[in-house]
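Q: Got a structure here, written out as structure tokens. Questions coming.
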Amino acid sequence: MHTRKNQRNLTPAEKRRLIDALLELKRSGVYDEFVRMHDDFYVPDGDSRPRAAHMTPSFFPWHRRYLLEFESALQRVDPSVTIPYWDWTVDRTPDSSLWADDFLGGTGRTGDRQVMTGPFAYSAGNWRIDSRITDGKYLTRNLGRPSAPLALPTAEEVAGALAEPHYDAAPWDSTATSGFRNAVEGWSTGDSARWRNHNRVHRWVGGLMLGATSPNDPVFWLHHAFIDLLWDRWQRARPGAGYQPRARVAAPDPQAGRVFALDDPMPPWDEPPSRLLDHSRLYRYV
């Protein structure tokens with residue numbers, strides 16, 4: 001079992017090892033395969049295909065497995081490396097430590113939003129965006145969206161999501177008005193808040209974090225590790241509340257064949273949510 005730490009508590013050596021492992025995965029082409037996978041499985045409500053990754057109950061277990069696969073790839077480069085998490089309720093500004101030059105680098109420059117600092121800047125020569133997956137060739141960010149300022153979610157907003165008594169609810173998509181899953185994933189439920197929690201963080205970072213190929217930005221992994229931690233906290237607070245839907249959604253429900261019940265195998269691993277509810281034998285958070 002390994003430990004995932006808050007990024008603000010990483011030592012300089014731990015940061016360097018993580019960066020080196022990320023750069024090696026990029027150099028080898030493995031990193032871009034993970035970007036391509038996320039792009040392939042980002043299926044919106046309006047698409048008739050099955051939805052495993054987003055706008056769906058399996059949002060949490062799908063990304064848990066996705067992070068585990070990526071973490072395993074990092075550890076094949078360096079067994080000491082784990083994915084840290086970014087608690088954006090605490091580290092809330094572009095001056096926070098994760099955006100330092102010795103870690104993820106900062107925001108993009110005015111105009112083209114190109115990141116010019118840190119190890120993932122295009123000018124450093126090691127982080128070229130694959131144009132077969134995403135337009136452009138360099139990493140972009142627009143931290144905080146200065147032209148139309150956007151704040152990161154607060155601890156109070158996260159507490160509101162954690163207070164949801166049920167995991168998810170019909171119609172099991174981005175329009176669900178109750179349930180922990182959409183409260184965290186953060187799609188609009190008809191009020192003035194257009195983006196919540198997970199979605200607002202993607203918007204706050206901006207640039208390549210805005211689309212289906214958001215893993216192009218290494219901060220994606222730190223963000224989703226915190227999303228995974230929030231699921232863990234909700235599960236611990238509500239041991240009697242399980243994954244929903246437990247049974248397969250049947251016709252004539254329009255979601256039949258499109259969402260994954262507790263024991264439905266999720267692509268691309270053919271692993272059901274039921275096998276990803278407990279991570280305690282694999283890793284822990286500190």
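Ligands are numbered from 1 in the order shown, residues from 1 within each chain, and chains are lettered A, B, ... in the order they appear in the structure tokens.
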Might you pull out every residue within 9 Å of range 242-250 of chain A, with only C-alpha atoms counted and same-chain residues fewer than 2 positions away left off, and present them as a PyMOL selection string?

A: chain A and resi 57-58+166-170+172+235+238-240+252-264+273-274+277

Q: I'd like to know which residues of range 45-169 of chain A are helix (DSSP H, G or I) (by DSSP, run on the backbone); could you write them as a PyMOL selection string?

A: chain A and resi 59-77+97-99+122-124+155-162

Q: Give me a file of those residues, with C-alpha atoms, as an mmCIF file, in the first residue's frame.

A:
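As a result, result23.cif now contains:
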data_model
loop_
_atom_site.group_PDB
_atom_site.id
_atom_site.type_symbol
_atom_site.label_atom_id
_atom_site.label_comp_id
_atom_site.auth_asym_id
_atom_site.auth_seq_id
_atom_site.Cartn_x
_atom_site.Cartn_y
_atom_site.Cartn_z
ATOM 1 C CA PHE A 59 -17.759 9.172 -12.564
ATOM 2 C CA PHE A 60 -16.008 8.292 -9.285
ATOM 3 C CA PRO A 61 -15.116 4.612 -9.835
ATOM 4 C CA TRP A 62 -14.097 5.174 -13.453
ATOM 5 C CA HIS A 63 -11.660 7.920 -12.483
ATOM 6 C CA ARG A 64 -10.401 5.893 -9.506
ATOM 7 C CA ARG A 65 -9.355 3.122 -11.862
ATOM 8 C CA TYR A 66 -7.993 5.647 -14.356
ATOM 9 C CA LEU A 67 -5.797 7.226 -11.665
ATOM 10 C CA LEU A 68 -4.640 3.804 -10.476
ATOM 11 C CA GLU A 69 -3.582 2.879 -14.004
ATOM 12 C CA PHE A 70 -1.701 6.148 -14.379
ATOM 13 C CA GLU A 71 -0.087 5.812 -10.968
ATOM 14 C CA SER A 72 1.090 2.327 -11.921
ATOM 15 C CA ALA A 73 2.649 3.765 -15.067
ATOM 16 C CA LEU A 74 4.478 6.386 -12.987
ATOM 17 C CA GLN A 75 5.699 3.698 -10.601
ATOM 18 C CA ARG A 76 7.108 1.641 -13.432
ATOM 19 C CA VAL A 77 9.403 4.607 -13.989
ATOM 20 C CA SER A 97 2.907 26.347 -4.171
ATOM 21 C CA LEU A 98 1.759 23.947 -6.876
ATOM 22 C CA TRP A 99 2.131 26.704 -9.503
ATOM 23 C CA TYR A 122 6.860 24.200 -24.285
ATOM 24 C CA SER A 123 10.035 26.295 -24.312
ATOM 25 C CA ALA A 124 11.662 23.818 -21.916
ATOM 26 C CA ALA A 155 -14.766 24.431 1.916
ATOM 27 C CA GLU A 156 -18.414 25.317 2.529
ATOM 28 C CA GLU A 157 -19.372 24.271 -0.998
ATOM 29 C CA VAL A 158 -17.569 20.971 -0.560
ATOM 30 C CA ALA A 159 -19.322 20.470 2.781
ATOM 31 C CA GLY A 160 -22.639 20.961 0.999
ATOM 32 C CA ALA A 161 -21.787 18.164 -1.420
ATOM 33 C CA LEU A 162 -20.620 15.893 1.402
#

Q: Skip Met116 in chain A itself and residues of its chain fewer than 2 positions away, then list as a ChimeraX atom specification all residues within 12 Å of it, counting only C-alpha atoms.

A: /A:99-101,104-110,112-114,118-125,127,138-141

Q: For the residues in that selection, give me N, CA and C atoms as a compact mmCIF listing (two decimals), in the first residue's frame.

A:
# COMPACT_ATOMS: atom_id res chain seq x y z
N TRP A 99 1.87 25.97 -8.26
CA TRP A 99 2.13 26.70 -9.50
C TRP A 99 3.54 27.28 -9.55
N ALA A 100 4.40 26.88 -8.63
CA ALA A 100 5.77 27.39 -8.60
C ALA A 100 6.59 26.85 -9.76
N ASP A 101 7.68 27.55 -10.05
CA ASP A 101 8.53 27.16 -11.17
C ASP A 101 9.16 25.79 -10.97
N LEU A 104 4.65 22.73 -11.01
CA LEU A 104 3.81 22.65 -12.21
C LEU A 104 3.95 23.86 -13.14
N GLY A 105 4.65 24.90 -12.69
CA GLY A 105 4.69 26.12 -13.48
C GLY A 105 3.41 26.92 -13.30
N GLY A 106 3.40 28.13 -13.84
CA GLY A 106 2.30 29.05 -13.57
C GLY A 106 1.28 29.17 -14.67
N THR A 107 0.62 30.32 -14.68
CA THR A 107 -0.44 30.57 -15.65
C THR A 107 0.14 30.88 -17.02
N GLY A 108 -0.73 30.98 -18.02
CA GLY A 108 -0.28 31.27 -19.37
C GLY A 108 -0.09 32.76 -19.59
N ARG A 109 0.70 33.08 -20.59
CA ARG A 109 0.94 34.49 -20.90
C ARG A 109 -0.27 35.10 -21.59
N THR A 110 -0.35 36.41 -21.57
CA THR A 110 -1.45 37.11 -22.23
C THR A 110 -1.42 36.82 -23.72
N ASP A 112 -1.95 34.13 -26.08
CA ASP A 112 -2.15 32.73 -26.47
C ASP A 112 -2.25 31.78 -25.27
N ARG A 113 -2.12 32.29 -24.04
CA ARG A 113 -2.24 31.49 -22.81
C ARG A 113 -1.16 30.43 -22.66
N GLN A 114 -0.09 30.56 -23.41
CA GLN A 114 0.98 29.56 -23.33
C GLN A 114 1.70 29.64 -21.98
N GLY A 118 8.26 26.69 -15.55
CA GLY A 118 8.17 25.34 -15.02
C GLY A 118 8.57 24.28 -16.03
N PRO A 119 8.60 23.02 -15.60
CA PRO A 119 9.11 21.92 -16.43
C PRO A 119 8.18 21.53 -17.58
N PHE A 120 6.92 22.02 -17.57
CA PHE A 120 5.97 21.62 -18.61
C PHE A 120 5.74 22.73 -19.64
N ALA A 121 6.55 23.78 -19.55
CA ALA A 121 6.51 24.83 -20.56
C ALA A 121 7.06 24.30 -21.88
N TYR A 122 6.42 24.66 -22.97
CA TYR A 122 6.86 24.20 -24.28
C TYR A 122 8.31 24.61 -24.54
N SER A 123 8.68 25.80 -24.07
CA SER A 123 10.03 26.29 -24.31
C SER A 123 11.10 25.46 -23.61
N ALA A 124 10.70 24.70 -22.60
CA ALA A 124 11.66 23.82 -21.92
C ALA A 124 12.00 22.60 -22.76
N GLY A 125 11.16 22.31 -23.76
CA GLY A 125 11.47 21.27 -24.73
C GLY A 125 11.01 19.87 -24.41
N TRP A 127 7.59 19.04 -23.22
CA TRP A 127 6.14 18.86 -23.06
C TRP A 127 5.41 19.40 -24.30
N TYR A 138 1.38 23.44 -27.38
CA TYR A 138 1.92 23.81 -26.08
C TYR A 138 0.82 23.84 -25.03
N LEU A 139 1.24 23.68 -23.77
CA LEU A 139 0.33 23.71 -22.63
C LEU A 139 -0.19 25.12 -22.43
N THR A 140 -1.49 25.25 -22.19
CA THR A 140 -2.10 26.55 -21.94
C THR A 140 -2.85 26.53 -20.61
N ARG A 141 -2.87 27.69 -19.95
CA ARG A 141 -3.64 27.91 -18.71
C ARG A 141 -4.10 29.35 -18.67

Q: Env of Ile133 in chain A: 8 Å cut, atoms = only C-alpha atoms, seq-sep filter 4 positions within chain, self excluded. Answer as a PDB file with all heavy atoms, in the first residue's frame.

A:
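Just written: result-v7.pdb:
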ATOM      1  N   VAL A  35      -4.120  10.542 -22.193  1.00  0.00           N
ATOM      2  CA  VAL A  35      -4.913  11.674 -22.678  1.00  0.00           C
ATOM      3  C   VAL A  35      -5.948  11.193 -23.684  1.00  0.00           C
ATOM      4  O   VAL A  35      -7.127  11.564 -23.629  1.00  0.00           O
ATOM      5  CB  VAL A  35      -4.001  12.743 -23.318  1.00  0.00           C
ATOM      6  CG1 VAL A  35      -4.846  13.888 -23.891  1.00  0.00           C
ATOM      7  CG2 VAL A  35      -2.998  13.280 -22.309  1.00  0.00           C
ATOM      8  N   ARG A  36      -5.520  10.339 -24.585  1.00  0.00           N
ATOM      9  CA  ARG A  36      -6.425   9.812 -25.610  1.00  0.00           C
ATOM     10  C   ARG A  36      -7.562   9.001 -24.983  1.00  0.00           C
ATOM     11  O   ARG A  36      -8.711   9.080 -25.416  1.00  0.00           O
ATOM     12  CB  ARG A  36      -5.630   8.968 -26.600  1.00  0.00           C
ATOM     13  CG  ARG A  36      -6.414   8.527 -27.843  1.00  0.00           C
ATOM     14  CD  ARG A  36      -5.513   7.836 -28.845  1.00  0.00           C
ATOM     15  NE  ARG A  36      -4.616   8.781 -29.490  1.00  0.00           N
ATOM     16  CZ  ARG A  36      -3.306   8.871 -29.250  1.00  0.00           C
ATOM     17  NH1 ARG A  36      -2.726   8.084 -28.360  1.00  0.00           N
ATOM     18  NH2 ARG A  36      -2.559   9.750 -29.885  1.00  0.00           N
ATOM     19  N   THR A 213      -9.695  16.577 -23.316  1.00  0.00           N
ATOM     20  CA  THR A 213      -8.280  16.194 -23.249  1.00  0.00           C
ATOM     21  C   THR A 213      -7.575  16.909 -22.100  1.00  0.00           C
ATOM     22  O   THR A 213      -6.376  17.171 -22.154  1.00  0.00           O
ATOM     23  CB  THR A 213      -7.573  16.496 -24.586  1.00  0.00           C
ATOM     24  OG1 THR A 213      -7.688  17.893 -24.872  1.00  0.00           O
ATOM     25  CG2 THR A 213      -8.181  15.683 -25.717  1.00  0.00           C
TER      26      THR A 213
END

Q: Would you mind telling me which residue in A:Trp221, A:Tyr31, A:Phe103, A:Tyr285 lies nearest to Arg17 in chain A when using only C-alpha atoms?

A: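 Once distances to Arg17 in chain A are computed over only C-alpha atoms, the minimum belongs to A:Phe103.
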
Q: Taking only C-alpha atoms into account, name the residue in A:Pro267, A:Pro153, A:Gly136, A:Pro94 that is nearest to Arg200 in chain A.

A: A:Pro153

Q: Kindly indicate which residue among A:Asp217, A:Asp102, A:Asp32, A:Asp228 lies nearest to Arg181 in chain A, using only C-alpha atoms for the distances.

A: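 Of A:Asp217, A:Asp102, A:Asp32, A:Asp228, the one nearest Arg181 in chain A, counting only C-alpha atoms, is A:Asp228.
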
Q: Name the closest residue to Phe180 in chain A among the candidates A:Thr56, A:Asn142, A:Ser131, A:Thr117; distances are taken between atoms, counting only C-alpha atoms.

A: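 Nearest to Phe180 in chain A: A:Thr56.
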
Q: Smallest atom-to-atom distance to Pro218 in chain A: which of A:His2, A:Arg51, A:Lys26, A:Lys137, using only C-alpha atoms?

A: A:Lys26

Q: Identify which of the residues A:Arg92, A:Lys15, A:Arg27, A:Arg194 lies closest to Asn126 in chain A, counting only C-alpha atoms when measuring atom-to-atom distances.

A: A:Arg27
